[in-house]
>>> print(open('target.txt').read())   # compact mmCIF, C-alpha atoms
# COMPACT_ATOMS: atom_id res chain seq x y z
CA MET A 26 121.42 114.73 35.40
CA SER A 27 118.63 112.18 35.79
CA ALA A 28 117.20 111.03 39.10
CA ARG A 29 118.78 107.64 38.45
CA THR A 30 122.21 109.14 38.23
CA GLY A 31 121.86 111.64 41.08
CA ALA A 32 124.54 114.06 42.14
CA ALA A 33 126.92 111.65 43.85
CA ARG A 34 129.47 109.53 42.03
CA ARG A 35 129.75 105.82 42.56
CA VAL A 36 131.99 104.79 45.43
CA ARG A 37 134.48 101.96 44.97
CA THR A 38 135.88 101.87 48.48
CA MET A 39 134.70 103.15 51.84
CA ALA A 40 137.34 104.60 54.16
CA ALA A 41 136.95 103.01 57.56
CA THR A 42 137.86 106.29 59.22
CA ALA A 43 134.99 108.25 57.75
CA VAL A 44 131.99 105.95 57.38
CA VAL A 45 128.69 107.74 57.95
CA ALA A 46 125.57 106.67 56.05
CA ALA A 47 122.10 108.17 55.87
CA VAL A 48 119.34 106.13 57.49
CA ALA A 49 115.72 107.25 57.23
CA GLY A 50 116.68 110.90 57.35
CA ALA A 51 119.14 110.43 60.22
CA ALA A 52 122.66 109.09 60.54
CA PHE A 53 124.80 107.02 62.83
CA ALA A 54 128.14 108.51 63.82
CA PRO A 55 131.11 106.24 64.53
CA ALA A 56 130.90 104.58 67.92
CA VAL A 57 133.29 105.57 70.68
CA ALA A 58 135.18 102.71 72.28
CA VAL A 59 134.60 102.28 76.00
CA ALA A 60 136.45 100.43 78.72
CA ALA A 61 135.09 96.94 79.26
CA ASP A 62 135.72 93.82 81.26
CA GLY A 63 133.93 91.36 78.99
CA PRO A 64 135.46 88.66 76.73
CA GLY A 65 138.17 90.09 74.53
CA GLY A 66 137.89 93.42 76.31
CA HIS A 67 134.43 94.17 74.91
CA ALA A 68 131.56 95.32 77.09
CA LEU A 69 128.94 93.54 74.97
CA ARG A 70 128.85 90.10 73.41
CA MET A 71 126.44 89.26 70.58
CA SER A 72 125.44 85.75 69.51
CA LEU A 73 123.03 84.55 66.81
CA GLY A 74 121.64 81.11 67.64
CA ALA A 75 120.93 78.19 65.34
CA PRO A 76 117.70 78.36 63.30
CA THR A 77 114.69 76.30 64.33
CA PRO A 78 113.11 74.05 63.30
CA GLY A 79 116.21 73.77 61.08
CA ALA A 80 114.56 72.76 57.81
CA PRO A 81 115.55 74.10 54.37
CA LEU A 82 113.71 77.23 53.28
CA LYS A 83 111.15 76.88 50.52
CA ARG A 84 109.97 79.77 48.39
CA GLY A 85 106.67 80.79 49.90
CA GLY A 86 107.08 78.18 52.64
CA ALA A 87 107.62 78.16 56.39
CA SER A 88 110.12 80.50 58.01
CA GLU A 89 112.95 79.80 60.46
CA SER A 90 113.61 81.53 63.80
CA MET A 91 116.82 82.25 65.73
CA ILE A 92 117.60 83.83 69.08
CA LEU A 93 119.81 86.91 69.02
CA THR A 94 121.45 87.63 72.38
CA VAL A 95 123.37 90.73 73.46
CA ALA A 96 124.96 90.43 76.92
CA ASN A 97 126.48 93.34 78.86
CA SER A 98 129.22 92.14 81.21
CA SER A 99 130.36 95.62 82.21
CA ASP A 100 129.39 97.68 85.25
CA THR A 101 127.72 100.44 83.22
CA ALA A 102 124.86 100.62 80.75
CA GLN A 103 125.97 100.29 77.12
CA ASP A 104 124.48 101.66 73.90
CA PHE A 105 123.91 99.09 71.18
CA SER A 106 122.50 98.72 67.69
CA ALA A 107 123.02 96.11 65.01
CA TRP A 108 122.07 95.10 61.50
CA LEU A 109 121.61 91.73 59.79
CA PRO A 110 122.90 91.87 56.21
CA GLY A 111 122.51 88.85 53.97
CA GLU A 112 123.36 87.63 50.51
CA PRO A 113 122.28 84.77 48.27
CA ASP A 114 124.50 82.13 46.73
CA GLY A 115 123.86 82.91 43.09
CA PRO A 116 124.05 85.57 40.39
CA SER A 117 120.83 87.48 41.13
CA PRO A 118 120.39 90.19 43.76
CA VAL A 119 117.81 89.61 46.45
CA MET A 120 115.02 92.13 46.06
CA LYS A 121 113.26 93.75 49.00
CA ASP A 122 110.20 91.49 48.74
CA SER A 123 112.24 88.30 48.22
CA VAL A 124 113.00 87.68 51.91
CA VAL A 125 110.65 87.55 54.90
CA PHE A 126 112.27 89.28 57.89
CA ASP A 127 111.12 90.17 61.38
CA VAL A 128 112.70 90.86 64.77
CA THR A 129 110.58 90.66 67.93
CA PRO A 130 111.70 91.15 71.54
CA ILE A 131 111.80 88.24 73.98
CA ASP A 132 113.54 89.94 76.88
CA ALA A 133 114.22 93.38 75.40
CA PRO A 134 112.45 96.71 74.89
CA ALA A 135 109.69 96.99 72.27
CA THR A 136 111.32 96.67 68.86
CA LYS A 137 110.62 97.56 65.23
CA SER A 138 112.31 96.03 62.18
CA ALA A 139 112.71 96.96 58.53
CA ILE A 140 114.41 95.82 55.32
CA GLY A 141 116.82 97.88 53.25
CA HIS A 142 119.20 97.23 50.37
CA GLN A 143 122.72 98.20 49.38
CA ASP A 144 124.29 97.17 46.07
CA GLY A 145 122.04 94.21 45.53
CA SER A 146 122.31 92.76 49.02
CA PHE A 147 119.66 92.32 51.69
CA GLN A 148 119.91 94.39 54.88
CA GLY A 149 117.79 93.74 57.95
CA GLN A 150 117.56 96.44 60.62
CA PHE A 151 115.94 96.54 64.07
CA TYR A 152 115.67 99.39 66.55
CA PRO A 153 113.66 100.62 69.58
CA ALA A 154 109.96 101.00 68.79
CA SER A 155 109.98 104.34 70.59
CA GLY A 156 112.55 105.78 68.18
CA ASN A 157 113.58 105.42 64.55
CA ALA A 158 116.21 103.56 62.52
CA SER A 159 118.99 105.72 63.97
CA SER A 160 118.01 105.02 67.59
CA VAL A 161 120.01 102.70 69.85
CA PHE A 162 119.18 100.31 72.68
CA SER A 163 120.66 100.90 76.13
CA VAL A 164 121.66 97.57 77.68
CA PRO A 165 121.82 97.84 81.50
CA ALA A 166 124.91 96.67 83.41
CA LYS A 167 125.19 92.91 83.94
CA THR A 168 122.10 92.35 81.79
CA GLU A 169 121.35 90.62 78.51
CA PHE A 170 118.69 91.37 75.89
CA THR A 171 117.24 88.70 73.61
CA TRP A 172 115.24 88.90 70.38
CA LYS A 173 113.66 86.38 68.03
CA VAL A 174 114.84 86.82 64.43
CA THR A 175 112.61 85.32 61.73
CA ILE A 176 113.76 84.59 58.16
CA GLY A 177 111.84 83.09 55.25
CA LEU A 178 111.78 83.16 51.46
CA SER A 179 108.90 84.64 49.49
CA THR A 180 107.72 83.27 46.16
CA THR A 181 109.82 85.94 44.41
CA TYR A 182 113.16 84.68 45.74
CA PRO A 183 115.18 84.31 42.49
CA THR A 184 115.11 80.85 40.94
CA ASN A 185 118.77 81.17 39.96
CA ASP A 186 119.86 81.74 43.59
CA GLY A 187 120.55 79.03 46.13
CA ASP A 188 121.40 79.21 49.81
CA PHE A 189 120.92 82.45 51.74
CA THR A 190 123.53 83.58 54.29
CA LEU A 191 122.61 85.94 57.14
CA HIS A 192 125.08 87.82 59.34
CA ALA A 193 124.57 89.78 62.55
CA GLY A 194 126.96 92.67 63.09
CA ARG A 195 127.23 95.69 65.33
CA LEU A 196 126.59 99.22 64.16
CA VAL A 197 126.96 101.04 67.47
CA GLY A 198 128.56 99.80 70.67
CA ASP A 199 131.61 98.08 72.08
CA VAL A 200 130.54 94.64 70.88
CA ASP A 201 132.24 91.30 70.42
CA ASP A 202 130.38 90.20 67.27
CA ALA A 203 132.68 87.50 65.89
CA THR A 204 131.35 86.30 62.53
CA SER A 205 131.90 82.65 63.50
CA ARG A 206 129.23 83.12 66.17
CA ASN A 207 126.93 85.41 64.19
CA THR A 208 126.52 83.78 60.78
CA VAL A 209 123.78 81.41 59.65
CA VAL A 210 123.57 79.70 56.24
CA PHE A 211 120.02 78.79 55.25
CA LYS A 212 119.74 75.90 52.81
CA THR A 213 117.06 76.26 50.17
CA ASP A 214 114.62 73.74 48.76
CA PRO A 215 114.96 72.80 45.97
CA GLN A 216 118.73 72.68 46.40
CA ILE A 217 120.58 73.94 43.32
CA LYS A 218 124.12 74.52 42.19
CA PRO A 219 123.90 78.19 41.11
CA GLY A 220 125.41 79.30 37.83
CA LYS A 221 127.09 82.55 36.91
CA LEU A 222 126.47 85.59 34.79
CA ASN A 223 129.51 85.84 32.53
CA GLN A 224 130.16 89.13 30.78
CA ALA A 225 132.77 90.21 28.25
CA TRP A 226 133.96 93.27 26.40
CA VAL A 227 135.32 92.44 22.95
CA HIS A 228 137.32 95.01 20.98
CA ASP A 229 137.41 95.44 17.22
CA ASP A 230 141.06 96.25 16.60
CA GLY A 231 140.24 97.48 13.11
CA GLU A 232 138.59 100.55 14.67
CA ALA A 233 140.55 100.86 17.87
CA VAL A 234 140.77 104.64 18.43
CA ALA A 235 137.80 106.92 19.12
CA ARG A 236 138.17 110.37 17.52
CA PRO A 237 135.86 113.16 16.35
CA GLY A 238 133.97 111.60 13.44
CA ARG A 239 135.67 108.21 13.92
CA ARG A 240 134.12 105.41 15.94
CA ALA A 241 135.83 102.81 18.08
CA ARG A 242 133.71 99.65 17.87
CA LEU A 243 133.21 97.31 20.81
CA LEU A 244 131.01 94.32 21.41
CA LEU A 245 129.25 93.84 24.73
CA GLU A 246 128.26 90.28 25.60
CA ALA A 247 126.40 88.50 28.38
CA ARG A 248 125.68 84.85 28.97
CA ALA A 249 124.11 83.12 31.96
CA ASP A 250 124.59 79.50 32.90
CA GLY A 251 123.17 77.25 35.56
CA PRO A 252 119.52 76.73 36.57
CA GLY A 253 116.83 79.36 36.93
CA GLU A 254 116.55 82.85 35.53
CA PHE A 255 116.65 86.50 36.54
CA PRO A 256 113.32 87.65 38.01
CA ALA A 257 113.28 91.12 36.45
CA GLU A 258 114.65 93.19 33.58
CA LEU A 259 118.40 93.70 33.63
CA HIS A 260 119.36 97.35 33.19
CA ARG A 261 122.83 98.49 32.21
CA THR A 262 124.63 101.79 32.68
CA ILE A 263 127.64 102.47 30.50
CA SER A 264 130.00 105.00 32.04
CA ALA A 265 133.12 106.85 30.95
CA SER A 266 132.89 109.12 33.99
CA GLY A 267 136.19 107.82 35.36
CA PHE A 268 138.08 109.61 32.57
CA ARG A 269 140.05 112.50 34.07
CA ASP A 270 143.07 112.91 31.79
CA GLY A 271 143.07 116.71 31.65
CA ALA A 272 139.83 116.96 29.70
CA GLY A 273 137.12 119.02 31.34
CA HIS A 274 134.75 118.35 28.45
CA PRO A 275 135.66 115.15 26.61
CA ASP A 276 132.36 115.26 24.68
CA PHE A 277 131.99 111.50 24.37
CA ILE A 278 129.41 110.11 21.98
CA LEU A 279 128.12 106.57 22.46
CA GLU A 280 126.05 104.81 19.83
CA ALA A 281 124.51 101.35 19.69
CA LYS A 282 123.29 99.11 16.89
CA ILE A 283 119.62 98.41 17.59
CA ASP A 284 117.40 96.60 15.08
CA GLY A 285 120.15 96.92 12.50
CA LYS A 286 120.48 100.69 12.87
CA ILE A 287 123.19 102.67 14.66
CA VAL A 288 121.44 104.91 17.15
CA LYS A 289 122.95 107.68 19.28
CA LEU A 290 122.30 107.05 22.97
CA LYS A 291 121.16 109.92 25.17
CA GLN A 292 123.26 110.65 28.22
CA SER A 293 121.60 109.81 31.54
CA GLY A 294 124.36 111.63 33.43
CA GLU A 295 127.81 113.04 32.88
CA SER A 296 129.44 110.59 30.43
CA GLU A 297 126.83 107.96 31.31
CA TRP A 298 124.31 106.17 29.11
CA GLU A 299 121.54 103.61 29.62
CA LEU A 300 121.39 100.65 27.24
CA PRO A 301 118.23 98.81 26.21
CA VAL A 302 117.22 96.33 28.90
CA ILE A 303 117.68 92.59 28.83
CA PRO A 304 114.14 91.23 29.32
CA LYS A 305 112.94 89.51 32.46
CA GLY A 306 113.66 85.77 32.47
CA PHE A 307 117.23 85.94 31.17
CA GLY A 308 118.98 82.65 31.83
CA ALA A 309 120.94 79.81 30.27
CA ALA A 310 118.18 79.12 27.77
CA SER A 311 118.45 82.70 26.50
CA GLY A 312 121.87 82.05 25.00
CA LEU A 313 124.28 84.85 24.20
CA SER A 314 123.03 88.43 24.40
CA ALA A 315 125.22 90.87 22.49
CA ILE A 316 125.16 94.45 21.32
CA ASP A 317 127.51 96.57 19.17
CA LEU A 318 128.63 99.84 20.74
CA TYR A 319 130.50 102.70 19.10
CA LEU A 320 132.44 105.35 21.01
CA SER A 321 133.53 108.58 19.32
CA LEU A 322 134.23 112.20 20.26
CA GLY A 323 132.13 115.26 19.47
CA GLU A 324 133.34 118.44 17.80
CA HIS A 325 133.73 120.20 21.15
CA SER A 326 135.96 117.61 22.82
CA ASP A 327 138.97 119.11 24.60
CA ILE A 328 140.99 115.87 24.52
CA ARG A 329 144.27 117.09 23.04
CA LYS A 330 146.35 113.93 22.83
CA ASP A 331 145.86 110.22 22.35
CA THR A 332 145.01 108.68 25.68
CA VAL A 333 142.97 105.89 27.22
CA VAL A 334 139.33 106.09 28.30
CA PRO A 335 138.08 103.68 31.00
CA LEU A 336 134.62 102.31 30.24
CA GLU A 337 132.38 100.52 32.72
CA SER A 338 129.21 98.55 32.26
CA SER A 339 127.16 98.27 35.45
CA MET A 340 124.14 96.01 35.76
CA TYR A 341 121.18 96.50 38.09
CA MET A 342 117.54 95.59 38.46
CA THR A 343 114.89 98.13 39.41
CA GLY A 344 115.18 98.54 43.16
CA SER A 345 118.62 96.95 43.48
CA GLY A 346 122.15 98.30 43.47
CA TYR A 347 124.78 97.33 40.95
CA PHE A 348 125.59 93.65 41.21
CA ASN A 349 127.82 93.20 38.16
CA VAL A 350 130.33 95.90 37.22
CA ALA A 351 132.95 95.37 34.53
CA GLY A 352 135.52 97.63 32.97
CA THR A 353 137.64 97.94 29.87
CA LYS A 354 139.78 100.61 28.19
CA VAL A 355 139.41 102.34 24.85
CA ALA A 356 141.99 104.50 23.07
CA ALA A 357 140.74 107.99 22.19
CA GLY A 358 142.29 111.14 20.81
CA PRO A 359 141.88 114.28 18.69
CA ALA A 360 141.26 114.25 14.97
CA VAL A 361 145.02 114.60 14.37
CA ALA A 362 146.99 112.38 16.72
CA THR A 363 149.62 114.24 18.77
CA GLY A 364 150.99 111.37 20.81
CA SER A 365 150.66 107.73 21.67
CA PRO A 366 148.13 106.17 23.99
CA SER A 367 149.48 105.72 27.49
CA ALA A 368 147.91 102.27 27.57
CA THR A 369 146.19 99.92 25.19
CA PRO A 370 142.93 98.01 25.46
CA SER A 371 143.44 94.85 27.44
CA THR A 372 141.44 92.41 25.29
CA PRO A 373 143.75 90.26 23.12
CA ALA A 374 143.38 90.66 19.38
CA SER A 375 142.62 86.95 19.15
CA GLN A 376 139.28 87.69 20.83
CA ALA A 377 138.32 90.48 18.48
CA PRO A 378 135.65 89.88 15.84
CA SER A 379 136.50 90.36 12.22
CA PRO A 380 135.68 93.91 11.05
CA SER A 381 134.00 92.37 8.02
CA ALA A 382 131.74 90.15 10.12
CA PRO A 383 129.07 92.35 11.74
CA VAL A 384 127.58 91.25 15.03
CA THR A 385 123.86 91.77 15.51
CA PRO A 386 121.91 92.17 18.72
CA SER A 387 119.91 89.29 20.15
CA ALA A 388 116.40 88.71 18.90
CA SER A 389 115.01 90.83 21.67
CA ALA A 390 117.19 93.74 20.51
CA SER A 391 117.94 94.25 24.14
CA GLY A 392 121.71 93.87 23.93
CA SER A 393 123.83 92.69 26.82
CA THR A 394 125.85 93.73 29.77
CA ALA A 395 129.58 94.00 29.89
CA ALA A 396 132.29 92.49 31.94
CA THR A 397 135.98 92.00 31.67
CA GLY A 398 136.27 90.32 35.03
CA GLY A 399 132.66 91.18 35.79
CA THR A 400 131.26 87.75 36.51
CA THR A 401 128.68 87.23 39.21
CA GLY A 402 127.79 83.83 40.49
CA GLY A 403 127.61 81.51 43.42
CA ALA A 404 129.51 82.59 46.53
CA ASP A 405 131.87 80.20 48.27
CA THR A 406 129.95 79.30 51.40
CA ALA A 407 133.25 78.66 53.14
CA GLY A 408 133.68 82.42 53.04
CA ALA A 409 130.27 83.08 54.50
CA THR A 410 131.74 84.13 57.80
CA SER A 411 133.44 87.09 56.15
CA LEU A 412 131.40 90.08 55.10
CA ALA A 413 134.23 90.96 52.75
CA ALA A 414 133.51 87.88 50.65
CA THR A 415 132.41 88.75 47.12
CA GLY A 416 130.25 86.79 44.74
CA SER A 417 126.51 86.14 45.01
CA GLY A 418 124.38 89.24 44.73
CA GLY A 419 126.74 91.32 46.83
CA GLY A 420 129.08 92.80 44.24
CA LEU A 421 130.98 95.68 45.79
CA TYR A 422 128.78 95.44 48.88
CA GLY A 423 130.97 92.84 50.62
CA ALA A 424 134.08 94.98 51.00
CA TRP A 425 131.96 98.02 51.83
CA ALA A 426 130.13 96.16 54.57
CA ALA A 427 133.36 94.74 55.98
CA ALA A 428 134.84 98.22 56.30
CA LEU A 429 131.66 99.45 57.90
CA LEU A 430 131.49 96.67 60.45
CA ALA A 431 135.22 96.96 61.16
CA VAL A 432 134.89 100.58 62.20
CA GLY A 433 131.67 99.71 64.02
CA GLY A 434 130.39 103.16 63.49
CA ALA A 435 127.66 103.79 60.94
CA ALA A 436 124.24 102.51 60.09
CA ALA A 437 124.51 101.82 56.40
CA TRP A 438 121.24 100.23 55.45
CA VAL A 439 119.27 102.43 53.11
CA GLY A 440 116.17 102.05 50.98
CA ALA A 441 116.54 100.51 47.54
CA ARG A 442 119.49 102.20 45.91
CA ARG A 443 121.01 101.73 42.52
CA ARG A 444 124.13 103.80 42.94
CA ARG A 445 127.17 102.84 45.03
CA ALA A 446 126.94 106.17 46.85
CA ALA A 447 123.97 108.05 48.30
CA ARG A 448 121.92 110.03 45.81
CA VAL A 449 120.11 113.30 46.23
>>> encode(input="target.txt", output="structure tokens")
Amino acid sequence: MSARTGAARRVRTMAATAVVAAVAGAAFAPAVAVAADGPGGHALRMSLGAPTPGAPLKRGGASESMILTVANSSDTAQDFSAWLPGEPDGPSPVMKDSVVFDVTPIDAPATKSAIGHQDGSFQGQFYPASGNASSVFSVPAKTEFTWKVTIGLSTTYPTNDGDFTLHAGRLVGDVDDATSRNTVVFKTDPQIKPGKLNQAWVHDDGEAVARPGRRARLLLEARADGPGEFPAELHRTISASGFRDGAGHPDFILEAKIDGKIVKLKQSGESEWELPVIPKGFGAASGLSAIDLYLSLGEHSDIRKDTVVPLESSMYMTGSGYFNVAGTKVAAGPAVATGSPSATPSTPASQAPSPSAPVTPSASASGSTAATGGTTGGADTAGATSLAATGSGGGLYGAWAAALLAVGGAAAWVGARRRRAARV
């Protein structure tokens, strides 16, 4: 298995009762609730102030500053740590060098800060300078700590992204960190209405069942709309790793039509393949990007009856997590059918291309990504106060972060990661 794939499988949900994430070689364990006499029964109260001077952020321009306050109303010292995740309003993930971030103490111990990423979303972290990313601050009784948080946009902030939303949330401690009091939306200049990245799987019903020596043909499409373009190559992983219908060795074969030739793709992991990249600069002006894919079974497949194979296409940029994941289903079975598929592909036949009308890749021969329901685009800023909100560059990150913050127990920022689970 390649380094990109790693040993861990992608995670779709994070159980709030067992959230522990690696951070710089250490880990945060879930926080233990303590008795408190503060507002809402919490010992600590966190507030993120309004940005100053309050101007829109320009790429490569001046930054904005806010005051982060953590007040301890209890009679005992309290441990505390927090993170500041953020996401753009738009289809592109925010890369590590796209956002300027710093946290400096005003009335608090010496502090260090760092930037991490998870599934295409920005993650700011700060911690005691005397420790590491897993260290916590100890807030004395009846005392408050304050920090200055600085945010700006670098020249590499994606041109197809608009406003940037920053949240402050607890990682460790008995903290009242209401999102309504700890969310800031930074307007960007120039102001844009972000578009979306629309993806689609299209089935060819004339070749609907994958078998040994028989291909099931699909078309993978991608189209971007709105202003701007993606700042880097778009990579795609095709995966059938979710197939578990009694087959220990399904022996899937995936082929693609590239430059007019059908080419067998090498596996990058168990039932996973990497497609040719979509070049940097993909946007509305690029038009439709499409690639023919062919799924079949090898001679050593132990699939014994007609069944359904889930396929996923997951998009990422180098240094980001997946920000657009879309699935479909393909019927597959042995050379001699012994039953009926338990489900059928979901794409209506009216969307299927004619078997006699071949579809060729785009001029770049780079193909496209997939998505039945895999659109990424501008987030609803009305939902900015909820870390569970999807859209923008967050992808699956939103729900993951919401579960993490709800349990209040684990530091989940990590260095640039492509997978949805930690890799080794």
>>> residues_around(input="target.txt", residues="A:Ala309", least_positions_apart="5", cutoff="8 Å", atoms="only C-alpha atoms", output="number ranges by chain")
A: 248-254
>>> residues_around(input="target.txt", residues="stretch 295-301 of chain A", least_positions_apart="2", cutoff="7 Å", atoms="all atoms listed in the file", output="PyMOL selection string")
chain A and resi 261-266+277+290-293+303+391-392
>>> closest_residue(input="target.txt", among="A:Ala310, A:Met71, A:Ala272, A:Val174", to="A:Ser88", atoms="only C-alpha atoms")
A:Val174
>>> closest_residue(input="target.txt", among="A:Ser159, A:Ser117, A:Ser326, A:Ser339", to="A:Gly220", atoms="only C-alpha atoms")
A:Ser117
>>> closest_residue(input="target.txt", among="A:Thr77, A:Ser155, A:Asn185, A:Ser321", to="A:Phe307", atoms="all atoms listed in the file")
A:Asn185
>>> closest_residue(input="target.txt", among="A:Phe255, A:Val234, A:Ile176, A:Tyr347", to="A:Leu322", atoms="all atoms listed in the file")
A:Val234
>>> closest_residue(input="target.txt", among="A:Ala235, A:Val350, A:Ala247, A:Ala360", to="A:Leu320", atoms="all atoms listed in the file")
A:Ala235
>>> closest_residue(input="target.txt", among="A:Thr180, A:Thr129, A:Thr168, A:Thr190", to="A:Ala96", atoms="all atoms listed in the file")
A:Thr168
>>> residues_around(input="target.txt", residues="A:Ser123", least_positions_apart="2", cutoff="7 Å", atoms="all atoms listed in the file", output="PDB file with C-alpha atoms, keeping the file's coordinate frame")
ATOM      1  CA  VAL A 119     117.810  89.610  46.450  1.00  0.00           C
ATOM      2  CA  MET A 120     115.020  92.130  46.060  1.00  0.00           C
ATOM      3  CA  LYS A 121     113.260  93.750  49.000  1.00  0.00           C
ATOM      4  CA  VAL A 125     110.650  87.550  54.900  1.00  0.00           C
ATOM      5  CA  LEU A 178     111.780  83.160  51.460  1.00  0.00           C
ATOM      6  CA  SER A 179     108.900  84.640  49.490  1.00  0.00           C
ATOM      7  CA  THR A 181     109.820  85.940  44.410  1.00  0.00           C
ATOM      8  CA  TYR A 182     113.160  84.680  45.740  1.00  0.00           C
TER       9      TYR A 182
END
>>> atom_distance(input="target.txt", atom1="atom CA of A:Leu336", atom2="atom CA of A:His142")
25.9 Å
>>> atom_distance(input="target.txt", atom1="atom CA of A:Pro81", atom2="atom CA of A:Gly194")
23.5 Å
>>> atom_distance(input="target.txt", atom1="atom CA of A:Tyr319", atom2="atom CA of A:Ala281")
6.2 Å
>>> residues_around(input="target.txt", residues="A:Lys137", least_positions_apart="4", cutoff="10 Å", atoms="all atoms listed in the file", output="list in words")
Asp127, Val128, Thr129, Pro130, Gln150, Phe151, Tyr152, Pro153, Ala154, Ser155, Gly156, Asn157 and Ala158 of chain A
